[in-house]
>>> print(open('structure_0.cif').read())   # mmCIF, C-alpha atoms
data_upload
loop_
_atom_site.label_atom_id
_atom_site.label_comp_id
_atom_site.auth_asym_id
_atom_site.auth_seq_id
_atom_site.Cartn_x
_atom_site.Cartn_y
_atom_site.Cartn_z
CA MET G 1 198.79 -94.66 17.62
CA ARG G 2 195.97 -96.38 19.45
CA ASP G 3 192.73 -97.01 17.56
CA LEU G 4 190.24 -94.28 18.46
CA ASN G 5 187.32 -96.51 17.51
CA LEU G 6 188.36 -98.78 20.37
CA LEU G 7 188.54 -95.96 22.90
CA PRO G 8 185.53 -96.34 25.25
CA LYS G 9 183.55 -93.11 25.36
CA ALA G 10 180.12 -91.59 25.85
CA HIS G 11 178.26 -89.64 23.19
CA LEU G 12 176.22 -86.84 24.74
CA HIS G 13 175.42 -84.48 21.86
CA LEU G 14 173.58 -86.13 18.98
CA HIS G 15 170.27 -84.99 17.49
CA PHE G 16 167.63 -87.50 16.46
CA THR G 17 167.06 -86.65 12.78
CA GLY G 18 170.63 -85.41 12.43
CA SER G 19 171.92 -88.83 13.47
CA MET G 20 170.54 -90.49 10.32
CA ARG G 21 172.73 -92.17 7.77
CA VAL G 22 172.56 -90.53 4.35
CA SER G 23 171.68 -93.91 2.84
CA THR G 24 168.76 -94.28 5.22
CA LEU G 25 167.47 -90.81 4.38
CA ILE G 26 167.63 -91.55 0.66
CA GLU G 27 165.86 -94.88 1.08
CA MET G 28 163.07 -93.44 3.23
CA ALA G 29 162.53 -90.56 0.82
CA ALA G 30 162.35 -92.90 -2.18
CA GLU G 31 159.78 -95.10 -0.45
CA GLN G 32 157.54 -92.06 0.04
CA GLY G 33 158.22 -90.34 -3.26
CA ILE G 34 159.80 -87.36 -1.52
CA ARG G 35 162.35 -85.36 -3.47
CA LEU G 36 165.35 -84.36 -1.37
CA PRO G 37 167.55 -81.29 -1.80
CA GLU G 38 170.80 -82.13 -3.55
CA ASN G 39 172.87 -80.93 -0.59
CA LEU G 40 171.48 -83.80 1.49
CA THR G 41 172.48 -86.53 -0.94
CA ASP G 42 175.68 -85.42 -2.70
CA ASN G 43 178.06 -86.68 0.04
CA THR G 44 179.30 -83.14 0.61
CA ALA G 45 179.19 -81.80 4.14
CA LEU G 46 176.94 -78.82 4.64
CA GLN G 47 178.99 -75.70 5.30
CA VAL G 48 177.37 -72.36 6.06
CA PRO G 49 178.45 -69.01 7.50
CA ALA G 50 177.80 -68.32 11.18
CA ASP G 51 175.04 -65.81 10.58
CA LYS G 52 171.26 -65.92 10.30
CA ARG G 53 171.41 -66.62 6.58
CA GLY G 54 173.70 -69.58 7.23
CA TRP G 55 171.50 -70.88 10.02
CA PHE G 56 168.46 -70.63 7.73
CA ARG G 57 170.22 -72.82 5.17
CA PHE G 58 171.12 -75.33 7.88
CA GLN G 59 167.58 -75.36 9.27
CA ARG G 60 166.06 -75.75 5.83
CA ALA G 61 168.22 -78.82 5.17
CA TYR G 62 167.39 -80.28 8.58
CA ASP G 63 163.66 -79.70 8.06
CA ALA G 64 163.83 -81.39 4.65
CA ALA G 65 165.36 -84.45 6.26
CA ARG G 66 162.83 -84.45 9.07
CA LYS G 67 159.93 -84.57 6.57
CA VAL G 68 160.77 -88.15 5.64
CA VAL G 69 160.31 -89.34 9.24
CA ARG G 70 156.61 -90.09 9.16
CA SER G 71 156.10 -93.42 10.86
CA GLU G 72 156.86 -95.44 13.94
CA ALA G 73 159.04 -97.75 11.87
CA ALA G 74 161.14 -94.81 10.65
CA MET G 75 161.60 -93.51 14.18
CA ARG G 76 162.63 -96.90 15.49
CA ARG G 77 165.09 -97.36 12.64
CA ILE G 78 166.78 -94.04 13.36
CA VAL G 79 167.28 -94.90 17.02
CA TYR G 80 168.63 -98.37 16.26
CA GLU G 81 171.03 -97.18 13.57
CA ALA G 82 172.31 -94.37 15.78
CA ALA G 83 173.14 -96.93 18.46
CA GLU G 84 174.65 -99.30 15.91
CA ASP G 85 176.90 -96.56 14.51
CA ASP G 86 177.95 -95.55 18.03
CA ALA G 87 178.81 -99.16 18.86
CA ARG G 88 181.25 -99.25 15.95
CA GLU G 89 183.00 -96.21 17.41
CA GLY G 90 183.46 -97.43 20.94
CA SER G 91 180.57 -95.58 22.49
CA ARG G 92 179.27 -97.07 25.71
CA ARG G 93 176.51 -94.53 26.34
CA LEU G 94 174.48 -92.48 23.86
CA GLU G 95 172.18 -89.71 25.03
CA LEU G 96 170.05 -89.00 21.98
CA GLN G 97 168.33 -85.63 21.85
CA ILE G 98 164.83 -85.23 20.43
CA ASP G 99 161.96 -82.78 20.25
CA PRO G 100 159.05 -85.21 19.66
CA THR G 101 156.75 -82.42 18.49
CA SER G 102 157.73 -82.75 14.82
CA TYR G 103 156.92 -86.47 14.68
CA ALA G 104 153.79 -86.44 16.82
CA PRO G 105 151.28 -85.89 13.94
CA PHE G 106 152.35 -89.13 12.25
CA VAL G 107 152.20 -91.47 15.26
CA GLY G 108 149.13 -90.38 17.19
CA GLY G 109 150.41 -87.53 19.31
CA LEU G 110 153.19 -86.19 21.49
CA THR G 111 153.08 -88.93 24.11
CA PRO G 112 153.23 -91.83 21.61
CA ALA G 113 156.07 -90.09 19.76
CA LEU G 114 158.23 -89.96 22.86
CA GLU G 115 157.24 -93.43 24.02
CA ILE G 116 158.21 -94.89 20.64
CA VAL G 117 161.68 -93.38 20.96
CA LEU G 118 162.06 -94.56 24.54
CA ASP G 119 161.01 -98.10 23.68
CA ALA G 120 163.28 -98.13 20.63
CA ALA G 121 166.15 -96.85 22.79
CA LYS G 122 165.67 -99.72 25.22
CA GLU G 123 165.58 -102.28 22.42
CA ALA G 124 168.62 -100.76 20.71
CA SER G 125 170.53 -100.84 23.98
CA GLU G 126 169.87 -104.56 24.32
CA SER G 127 170.79 -105.26 20.68
CA THR G 128 173.94 -103.16 20.34
CA GLY G 129 175.39 -102.98 23.84
CA VAL G 130 175.30 -99.18 23.74
CA GLN G 131 173.21 -97.71 26.55
CA VAL G 132 170.78 -95.31 24.90
CA GLY G 133 169.25 -92.64 27.11
CA VAL G 134 167.12 -89.79 25.82
CA ILE G 135 167.29 -86.02 26.17
CA VAL G 136 163.97 -84.27 25.52
CA ALA G 137 164.73 -80.87 24.01
CA ALA G 138 162.51 -77.86 23.46
CA SER G 139 163.13 -75.46 20.58
CA ARG G 140 164.10 -71.81 20.78
CA ILE G 141 162.05 -71.03 17.69
CA LYS G 142 158.83 -72.17 19.38
CA ASP G 143 156.80 -70.67 22.18
CA PRO G 144 158.14 -71.30 25.71
CA MET G 145 154.70 -72.70 26.55
CA ASP G 146 155.52 -75.62 24.26
CA ALA G 147 158.66 -76.21 26.31
CA ARG G 148 156.60 -76.49 29.49
CA THR G 149 154.44 -79.15 27.83
CA LEU G 150 157.54 -81.08 26.86
CA ALA G 151 159.00 -80.73 30.34
CA ARG G 152 155.86 -82.20 31.89
CA LEU G 153 155.92 -85.05 29.39
CA ALA G 154 159.60 -85.74 30.01
CA ALA G 155 158.96 -85.73 33.75
CA LYS G 156 156.84 -88.87 33.38
CA HIS G 157 159.80 -90.91 32.09
CA VAL G 158 162.74 -89.86 34.26
CA GLY G 159 165.55 -92.33 34.75
CA LEU G 160 169.25 -93.04 34.23
CA GLY G 161 168.89 -96.34 32.43
CA PRO G 162 168.36 -97.28 28.77
CA GLY G 163 165.10 -96.05 27.30
CA GLU G 164 164.57 -93.39 29.95
CA VAL G 165 164.67 -89.59 29.87
CA ALA G 166 167.88 -88.39 31.50
CA GLY G 167 167.80 -84.67 30.80
CA PHE G 168 165.96 -81.67 29.41
CA GLY G 169 167.45 -79.45 26.71
CA LEU G 170 166.89 -76.37 24.59
CA SER G 171 168.14 -76.37 21.01
CA ASN G 172 167.94 -74.49 17.72
CA ASP G 173 169.16 -70.96 16.88
CA GLU G 174 170.70 -69.41 19.99
CA ARG G 175 169.75 -65.96 18.70
CA SER G 176 166.04 -66.72 18.89
CA GLY G 177 163.87 -65.82 21.85
CA ASP G 178 164.69 -64.56 25.32
CA THR G 179 166.53 -67.16 27.40
CA ALA G 180 164.61 -66.13 30.52
CA GLY G 181 161.40 -67.24 28.81
CA TRP G 182 162.38 -70.90 29.17
CA GLU G 183 163.23 -70.69 32.86
CA ARG G 184 159.87 -72.06 33.99
CA ALA G 185 160.09 -75.11 31.73
CA PHE G 186 163.50 -75.92 33.14
CA ARG G 187 162.19 -75.54 36.68
CA ILE G 188 159.49 -78.09 35.88
CA ALA G 189 162.11 -80.48 34.55
CA LYS G 190 164.44 -79.90 37.49
CA ARG G 191 161.70 -80.64 40.04
CA ALA G 192 161.13 -83.95 38.30
CA GLY G 193 164.80 -84.87 38.63
CA LEU G 194 165.94 -84.00 35.13
CA GLU G 195 169.28 -82.27 34.62
CA ALA G 196 169.43 -79.21 32.33
CA VAL G 197 171.42 -79.54 29.10
CA PRO G 198 170.59 -76.44 27.00
CA HIS G 199 172.53 -75.31 23.96
CA GLY G 200 174.60 -72.17 24.39
CA GLY G 201 177.89 -70.60 23.45
CA GLU G 202 178.36 -71.70 19.84
CA LEU G 203 176.77 -69.07 17.61
CA LEU G 204 176.80 -66.52 20.44
CA GLY G 205 179.58 -65.71 22.86
CA PRO G 206 180.22 -65.37 26.59
CA GLU G 207 177.34 -63.00 27.36
CA HIS G 208 174.86 -65.52 26.03
CA ILE G 209 176.47 -68.29 28.05
CA LYS G 210 176.07 -66.16 31.18
CA GLN G 211 172.34 -65.83 30.49
CA VAL G 212 171.93 -69.56 29.95
CA ILE G 213 173.71 -70.28 33.22
CA ALA G 214 171.76 -67.65 35.14
CA TYR G 215 168.30 -68.71 33.98
CA LEU G 216 168.55 -72.39 33.07
CA HIS G 217 171.20 -73.68 35.52
CA PRO G 218 172.78 -76.25 33.22
CA LYS G 219 174.60 -79.40 34.27
CA ARG G 220 176.03 -79.50 30.77
CA LEU G 221 176.20 -76.87 28.04
CA GLY G 222 175.45 -77.95 24.49
CA HIS G 223 178.58 -76.60 22.79
CA GLY G 224 179.77 -73.89 25.20
CA VAL G 225 182.92 -73.59 23.15
CA ARG G 226 182.84 -69.79 23.08
CA ALA G 227 183.54 -69.78 26.83
CA ALA G 228 187.17 -69.91 25.75
CA GLU G 229 186.86 -66.20 24.87
CA ASP G 230 186.33 -65.22 28.53
CA PRO G 231 188.87 -66.75 30.96
CA GLN G 232 186.91 -65.66 34.02
CA LEU G 233 183.69 -67.19 32.73
CA LEU G 234 185.52 -70.37 31.79
CA ALA G 235 186.96 -70.58 35.31
CA GLU G 236 183.45 -70.17 36.74
CA ILE G 237 182.12 -72.94 34.48
CA VAL G 238 184.90 -75.25 35.62
CA GLY G 239 184.32 -74.33 39.25
CA ALA G 240 180.61 -75.00 38.95
CA GLY G 241 181.22 -78.42 37.42
CA ILE G 242 179.37 -77.59 34.19
CA ALA G 243 180.48 -79.92 31.40
CA LEU G 244 180.84 -78.77 27.79
CA GLU G 245 179.46 -80.83 24.91
CA VAL G 246 181.96 -79.73 22.27
CA CYS G 247 181.31 -80.62 18.62
CA PRO G 248 184.42 -79.57 16.66
CA ALA G 249 183.26 -80.56 13.17
CA SER G 250 179.91 -78.86 13.70
CA ASN G 251 181.65 -75.68 14.86
CA VAL G 252 183.57 -75.56 11.59
CA GLN G 253 180.69 -76.50 9.28
CA LEU G 254 178.51 -73.81 10.88
CA GLY G 255 181.23 -71.23 10.33
CA VAL G 256 182.06 -70.55 13.98
CA TYR G 257 185.68 -71.43 13.19
CA SER G 258 187.25 -71.61 9.75
CA ASP G 259 189.36 -74.68 10.44
CA PRO G 260 189.32 -77.59 12.92
CA SER G 261 192.65 -76.43 14.31
CA GLN G 262 190.95 -73.23 15.53
CA VAL G 263 188.43 -75.00 17.77
CA PRO G 264 189.78 -74.07 21.23
CA LEU G 265 189.93 -77.57 22.66
CA ARG G 266 193.36 -76.96 24.16
CA THR G 267 192.21 -73.77 25.90
CA LEU G 268 189.19 -75.51 27.40
CA PHE G 269 191.18 -78.59 28.38
CA ALA G 270 194.01 -76.59 29.96
CA ALA G 271 191.46 -74.68 32.06
CA GLY G 272 190.25 -77.96 33.53
CA ALA G 273 186.89 -78.08 31.75
CA THR G 274 185.03 -81.38 31.55
CA ILE G 275 184.68 -81.94 27.81
CA ALA G 276 182.38 -84.42 26.08
CA LEU G 277 183.04 -84.53 22.35
CA GLY G 278 179.96 -85.00 20.17
CA ALA G 279 179.00 -85.29 16.50
CA ASP G 280 175.88 -83.06 16.65
CA ASP G 281 174.33 -83.78 13.21
CA PRO G 282 176.40 -86.28 11.20
CA LEU G 283 173.70 -86.45 8.52
CA LEU G 284 174.53 -82.88 7.52
CA PHE G 285 178.17 -82.62 8.57
CA LEU G 286 179.27 -86.13 7.52
CA SER G 287 181.39 -86.43 10.64
CA ARG G 288 180.66 -88.94 13.37
CA LEU G 289 181.95 -89.42 16.90
CA THR G 290 185.43 -90.82 16.33
CA ARG G 291 186.20 -88.00 13.93
CA GLN G 292 185.88 -85.53 16.81
CA TYR G 293 188.64 -87.37 18.67
CA SER G 294 190.72 -87.36 15.49
CA ILE G 295 190.40 -83.58 15.39
CA ALA G 296 191.72 -83.40 18.94
CA ARG G 297 194.58 -85.74 18.03
CA ASN G 298 195.43 -83.53 15.06
CA GLN G 299 195.58 -80.60 17.46
CA GLY G 300 198.35 -82.39 19.34
CA PHE G 301 196.39 -84.22 22.04
CA SER G 302 198.32 -87.26 23.23
CA ASP G 303 196.63 -90.61 23.75
CA ALA G 304 196.67 -89.95 27.49
CA GLU G 305 194.87 -86.65 26.90
CA LEU G 306 192.41 -88.29 24.50
CA ALA G 307 191.69 -90.84 27.22
CA GLU G 308 190.99 -87.96 29.60
CA LEU G 309 188.54 -86.48 27.08
CA ALA G 310 186.80 -89.85 26.97
CA ARG G 311 186.74 -89.94 30.77
CA GLY G 312 185.16 -86.50 30.74
CA SER G 313 182.39 -87.75 28.45
CA VAL G 314 181.69 -90.69 30.75
CA ARG G 315 181.71 -88.58 33.90
CA ALA G 316 179.41 -86.00 32.30
CA SER G 317 176.92 -88.64 31.18
CA PHE G 318 173.77 -89.36 33.16
CA ALA G 319 174.48 -93.08 33.38
CA ARG G 320 174.37 -94.93 36.67
CA PRO G 321 177.53 -94.70 38.81
CA GLU G 322 178.36 -98.40 38.50
CA CYS G 323 178.26 -98.13 34.70
CA LYS G 324 180.57 -95.14 34.76
CA GLU G 325 183.05 -97.01 36.93
CA GLN G 326 183.12 -99.90 34.47
CA TRP G 327 183.64 -97.64 31.45
CA LEU G 328 186.35 -95.61 33.17
CA ALA G 329 188.20 -98.85 33.88
CA GLU G 330 187.87 -99.80 30.21
CA ILE G 331 189.39 -96.46 29.21
CA ASP G 332 192.34 -97.21 31.49
CA GLN G 333 192.71 -100.57 29.74
CA TRP G 334 192.72 -98.89 26.32
CA LEU G 335 195.49 -96.58 27.45
CA ALA G 336 197.49 -99.41 29.01
CA VAL G 337 197.82 -101.28 25.70
CA GLU G 338 201.01 -100.27 23.87
#
>>> encode(input="structure_0.cif", output="structure tokens")
Amino acid sequence: MRDLNLLPKAHLHLHFTGSMRVSTLIEMAAEQGIRLPENLTDNTALQVPADKRGWFRFQRAYDAARKVVRSEAAMRRIVYEAAEDDAREGSRRLELQIDPTSYAPFVGGLTPALEIVLDAAKEASESTGVQVGVIVAASRIKDPMDARTLARLAAKHVGLGPGEVAGFGLSNDERSGDTAGWERAFRIAKRAGLEAVPHGGELLGPEHIKQVIAYLHPKRLGHGVRAAEDPQLLAEIVGAGIALEVCPASNVQLGVYSDPSQVPLRTLFAAGATIALGADDPLLFLSRLTRQYSIARNQGFSDAELAELARGSVRASFARPECKEQWLAEIDQWLAVE
């Protein structure tokens, strides 16, 4: 079997704090005298049921990790290490998702927080060879007015290259808030040239996906895996050219499916969906990018089909066309080697 770490690919669903190495989290916490919950340091992947109680446990762990990120140096380190880890796994393009609000108080405000990440992304791109773009993401558990502020901030840094904002997202618990409430923020982002990449269709099913599509007009859906439950909806997603950022390990650890074999990759793939596999939050789930391709391989995907998944990730990325052409050719080369 061909080495999946050598398969060129793009990584389109990775959260900023959730990208951290466990060792980095432990080191940062020790430097600040912060005591971490045992479930963040015991090398056991977080696993919770797919209900509000489970999400609360997940969010509590994520928030505990985020509390150690209190300086520009910490933020820069996270970006660099995310790119470095992606480079080891054959990633050519990383689109790192961040809500800068949580880090703003420690670095002088919202604008400096985003600019630090953008500058670090540019430097990491030059150092590692992985193009690092940024997705600015609002949170469903905050007021939609906050999302409009973020959209206006993101609009000042639009671009397809390293260290630029390529898209605008909406993350956190899908069950929170009214999707229509974020429509205005996404309109602001769209007018500025930012593509919409909201979460949807992981914790909630097809009806929620329909709302996200109707109000937020996504170019990609963060997760979207539950579209497999509605063949007509799935066909509409494929017809509209909406890509799905599928995170198999995350789906299992958050209790959406009980086993990796149940993640409906084959159903989505057979329907013609553009799929971009992602790691979501490897800090909590202890599963990085290549592992997602291993899950597909274990489901019976051939190397030719795995190459097509990688092509889907590249095509769904917001990289420049000439970069995509180069990476697609490199995928062909990977497949050509016996």
>>> atom_distance(input="structure_0.cif", atom1="CA of Ala196 in chain G", atom2="CA of Arg93 in chain G")
17.9 Å
>>> residues_around(input="structure_0.cif", residues="Gln299 in chain G", least_positions_apart="4", cutoff="10 Å", atoms="all atoms listed in the file", output="count of residues only")
10
>>> residues_around(input="structure_0.cif", residues="range 323-331 of chain G", least_positions_apart="2", cutoff="8 Å", atoms="all atoms listed in the file", output="JSON, numbers by chain")
{"G": [7, 8, 9, 92, 307, 310, 311, 314, 315, 319, 320, 321, 333, 334, 335]}
>>> atom_distance(input="structure_0.cif", atom1="CA of Leu309 in chain G", atom2="CA of Ala276 in chain G")
6.6 Å
>>> residues_near_point(input="structure_0.cif", point="(166.8, -77.4, 19.0)", cutoff="10 Å", atoms="all atoms listed in the file", output="PyMOL selection string")
chain G and resi 15+59+97-99+136-142+169-174+198-199
>>> resolve_selection(input="structure_0.cif", expression="the PyMOL selection byres ((chain G and resi 235-237) around 12)", output="PDB file with C-alpha atoms, in the coordinates of the input")
ATOM      1  CA  PRO G 206     180.220 -65.370  26.590  1.00  0.00           C
ATOM      2  CA  ILE G 209     176.470 -68.290  28.050  1.00  0.00           C
ATOM      3  CA  LYS G 210     176.070 -66.160  31.180  1.00  0.00           C
ATOM      4  CA  VAL G 212     171.930 -69.560  29.950  1.00  0.00           C
ATOM      5  CA  ILE G 213     173.710 -70.280  33.220  1.00  0.00           C
ATOM      6  CA  ALA G 214     171.760 -67.650  35.140  1.00  0.00           C
ATOM      7  CA  HIS G 217     171.200 -73.680  35.520  1.00  0.00           C
ATOM      8  CA  PRO G 218     172.780 -76.250  33.220  1.00  0.00           C
ATOM      9  CA  LYS G 219     174.600 -79.400  34.270  1.00  0.00           C
ATOM     10  CA  ARG G 220     176.030 -79.500  30.770  1.00  0.00           C
ATOM     11  CA  LEU G 221     176.200 -76.870  28.040  1.00  0.00           C
ATOM     12  CA  GLY G 224     179.770 -73.890  25.200  1.00  0.00           C
ATOM     13  CA  VAL G 225     182.920 -73.590  23.150  1.00  0.00           C
ATOM     14  CA  ARG G 226     182.840 -69.790  23.080  1.00  0.00           C
ATOM     15  CA  ALA G 227     183.540 -69.780  26.830  1.00  0.00           C
ATOM     16  CA  ALA G 228     187.170 -69.910  25.750  1.00  0.00           C
ATOM     17  CA  GLU G 229     186.860 -66.200  24.870  1.00  0.00           C
ATOM     18  CA  ASP G 230     186.330 -65.220  28.530  1.00  0.00           C
ATOM     19  CA  PRO G 231     188.870 -66.750  30.960  1.00  0.00           C
ATOM     20  CA  GLN G 232     186.910 -65.660  34.020  1.00  0.00           C
ATOM     21  CA  LEU G 233     183.690 -67.190  32.730  1.00  0.00           C
ATOM     22  CA  LEU G 234     185.520 -70.370  31.790  1.00  0.00           C
ATOM     23  CA  VAL G 238     184.900 -75.250  35.620  1.00  0.00           C
ATOM     24  CA  GLY G 239     184.320 -74.330  39.250  1.00  0.00           C
ATOM     25  CA  ALA G 240     180.610 -75.000  38.950  1.00  0.00           C
ATOM     26  CA  GLY G 241     181.220 -78.420  37.420  1.00  0.00           C
ATOM     27  CA  ILE G 242     179.370 -77.590  34.190  1.00  0.00           C
ATOM     28  CA  ALA G 243     180.480 -79.920  31.400  1.00  0.00           C
ATOM     29  CA  LEU G 244     180.840 -78.770  27.790  1.00  0.00           C
ATOM     30  CA  THR G 267     192.210 -73.770  25.900  1.00  0.00           C
ATOM     31  CA  LEU G 268     189.190 -75.510  27.400  1.00  0.00           C
ATOM     32  CA  PHE G 269     191.180 -78.590  28.380  1.00  0.00           C
ATOM     33  CA  ALA G 270     194.010 -76.590  29.960  1.00  0.00           C
ATOM     34  CA  ALA G 271     191.460 -74.680  32.060  1.00  0.00           C
ATOM     35  CA  GLY G 272     190.250 -77.960  33.530  1.00  0.00           C
ATOM     36  CA  ALA G 273     186.890 -78.080  31.750  1.00  0.00           C
ATOM     37  CA  THR G 274     185.030 -81.380  31.550  1.00  0.00           C
ATOM     38  CA  ILE G 275     184.680 -81.940  27.810  1.00  0.00           C
TER      39      ILE G 275
END
>>> atom_distance(input="structure_0.cif", atom1="CA of Ser102 in chain G", atom2="CA of Val117 in chain G")
12.9 Å
>>> residues_around(input="structure_0.cif", residues="Gly193 in chain G", least_positions_apart="6", cutoff="10 Å", atoms="all atoms listed in the file", output="PDB file with C-alpha atoms, in the frame of the given file")
ATOM      1  CA  ALA G 155     158.960 -85.730  33.750  1.00  0.00           C
ATOM      2  CA  VAL G 158     162.740 -89.860  34.260  1.00  0.00           C
ATOM      3  CA  GLY G 159     165.550 -92.330  34.750  1.00  0.00           C
ATOM      4  CA  VAL G 165     164.670 -89.590  29.870  1.00  0.00           C
ATOM      5  CA  ALA G 166     167.880 -88.390  31.500  1.00  0.00           C
ATOM      6  CA  GLY G 167     167.800 -84.670  30.800  1.00  0.00           C
ATOM      7  CA  PHE G 168     165.960 -81.670  29.410  1.00  0.00           C
ATOM      8  CA  ARG G 187     162.190 -75.540  36.680  1.00  0.00           C
TER       9      ARG G 187
END
>>> residues_around(input="structure_0.cif", residues="Ala249 in chain G", least_positions_apart="5", cutoff="9 Å", atoms="all atoms listed in the file", output="list of chain:residue names")
G:Leu254, G:Asp259, G:Pro260, G:Val263, G:Gly278, G:Ala279, G:Asp280, G:Phe285, G:Leu286, G:Ser287, G:Arg288, G:Arg291, G:Gln292, G:Ile295
>>> resolve_selection(input="structure_0.cif", expression="the PyMOL selection byres ((chain G and resi 94) around 7)", output="ChimeraX atom specification")
/G:10-12,91-93,95-96,130-133
>>> resolve_selection(input="structure_0.cif", expression="the PyMOL selection byres ((chain G and resi 39) around 12)", output="ChimeraX atom specification")
/G:22,26,35-38,40-48,57-58,60-62,64-65,283-286
>>> closest_residue(input="structure_0.cif", among="G:Met75, G:Leu203, G:Arg184, G:Arg148", to="Tyr257 in chain G", atoms="all atoms listed in the file")
G:Leu203
>>> closest_residue(input="structure_0.cif", among="G:Gly54, G:Arg66, G:Val134, G:Asp85", to="Ala29 in chain G", atoms="all atoms listed in the file")
G:Arg66
>>> residues_around(input="structure_0.cif", residues="Arg70 in chain G", least_positions_apart="4", cutoff="7 Å", atoms="only C-alpha atoms", output="ChimeraX atom specification")
/G:74,103,106
>>> closest_residue(input="structure_0.cif", among="G:Asp3, G:Asp281, G:Glu31, G:Asp178", to="Tyr215 in chain G", atoms="all atoms listed in the file")
G:Asp178
>>> decode(input="structure_0.cif", residues="range 244-263 of chain G", atoms="N, CA and C atoms", output="tab-separated table (two decimals), in the first residue's frame")
chain	number	residue	atom	x	y	z
G	244	LEU	N	-17.86	18.99	1.26
G	244	LEU	CA	-18.09	18.55	2.63
G	244	LEU	C	-16.74	18.33	3.32
G	245	GLU	N	-16.55	19.03	4.44
G	245	GLU	CA	-15.34	18.85	5.25
G	245	GLU	C	-15.63	17.74	6.26
G	246	VAL	N	-15.32	16.52	5.91
G	246	VAL	CA	-15.69	15.36	6.73
G	246	VAL	C	-14.54	15.01	7.67
G	247	CYS	N	-14.87	14.84	8.94
G	247	CYS	CA	-13.87	14.55	9.98
G	247	CYS	C	-14.24	13.25	10.67
G	248	PRO	N	-13.87	12.10	10.09
G	248	PRO	CA	-14.35	10.81	10.60
G	248	PRO	C	-14.05	10.55	12.08
G	249	ALA	N	-12.81	10.80	12.51
G	249	ALA	CA	-12.48	10.52	13.90
G	249	ALA	C	-13.30	11.39	14.84
G	250	SER	N	-13.46	12.65	14.49
G	250	SER	CA	-14.27	13.56	15.29
G	250	SER	C	-15.71	13.07	15.39
G	251	ASN	N	-16.27	12.60	14.28
G	251	ASN	CA	-17.64	12.10	14.28
G	251	ASN	C	-17.82	10.98	15.29
G	252	VAL	N	-16.80	10.13	15.40
G	252	VAL	CA	-16.88	9.00	16.33
G	252	VAL	C	-16.67	9.47	17.77
G	253	GLN	N	-15.67	10.32	17.99
G	253	GLN	CA	-15.37	10.76	19.36
G	253	GLN	C	-16.49	11.61	19.93
G	254	LEU	N	-17.25	12.29	19.08
G	254	LEU	CA	-18.40	13.08	19.55
G	254	LEU	C	-19.69	12.27	19.54
G	255	GLY	N	-19.59	10.97	19.30
G	255	GLY	CA	-20.73	10.09	19.46
G	255	GLY	C	-21.75	10.11	18.34
G	256	VAL	N	-21.42	10.75	17.22
G	256	VAL	CA	-22.35	10.77	16.09
G	256	VAL	C	-22.46	9.37	15.50
G	257	TYR	N	-21.32	8.67	15.44
G	257	TYR	CA	-21.28	7.27	15.02
G	257	TYR	C	-20.49	6.50	16.07
G	258	SER	N	-20.82	5.25	16.23
G	258	SER	CA	-20.18	4.46	17.29
G	258	SER	C	-18.86	3.85	16.86
G	259	ASP	N	-18.60	3.85	15.56
G	259	ASP	CA	-17.40	3.20	15.06
G	259	ASP	C	-16.98	3.87	13.75
G	260	PRO	N	-15.67	3.96	13.47
G	260	PRO	CA	-15.25	4.60	12.22
G	260	PRO	C	-15.85	3.97	10.96
G	261	SER	N	-16.15	2.70	11.03
G	261	SER	CA	-16.72	2.04	9.85
G	261	SER	C	-18.12	2.55	9.53
G	262	GLN	N	-18.78	3.20	10.49
G	262	GLN	CA	-20.14	3.69	10.28
G	262	GLN	C	-20.18	5.09	9.65
G	263	VAL	N	-19.07	5.79	9.63
G	263	VAL	CA	-19.04	7.11	9.00
G	263	VAL	C	-19.33	6.91	7.51
